Amino acid sequence: MKFTGTKDYVATDDLKIAVNASIVLERPLLIKGEPGTGKTVLARSRQSARRAASDLAHQVHHQGAAGPLRI
């Protein structure tokens with residue numbers, strides 16, 4: 001699973017590196033910034049991407065890799 005942003009959240013390259021490092025290291029990421037800079041949107045986008053990856057893994061597990069996947 002690699003965070004690349006979403007259609008609702010366009011992340012900078014530096015931010016993508018930091019988010020992906022936190023994923024690989026399984027460590028929290030502290031995001032600081034002024035109100036309105038997108039901290040909450042980032043958290044929601046990351047959670048949405050994580051949920052989509054989990055749903056896909058669940059489908060692969062139950063349908064098997066040989067058959068078509070419904071995405």
# chains A, B, ... in the order shown; residues from 1 in each chain; ligands from 1
$ residues_around --residues "Ile31 in chain A" --least-positions-apart "4" --cutoff "12 Å" --atoms "only C-alpha atoms" --output "ChimeraX atom specification"
/A:15,18-19,22,35,37-43
$ atom_distance --atom1 "CA of Thr12 in chain A" --atom2 "CA of Gln47 in chain A"
17.6 Å
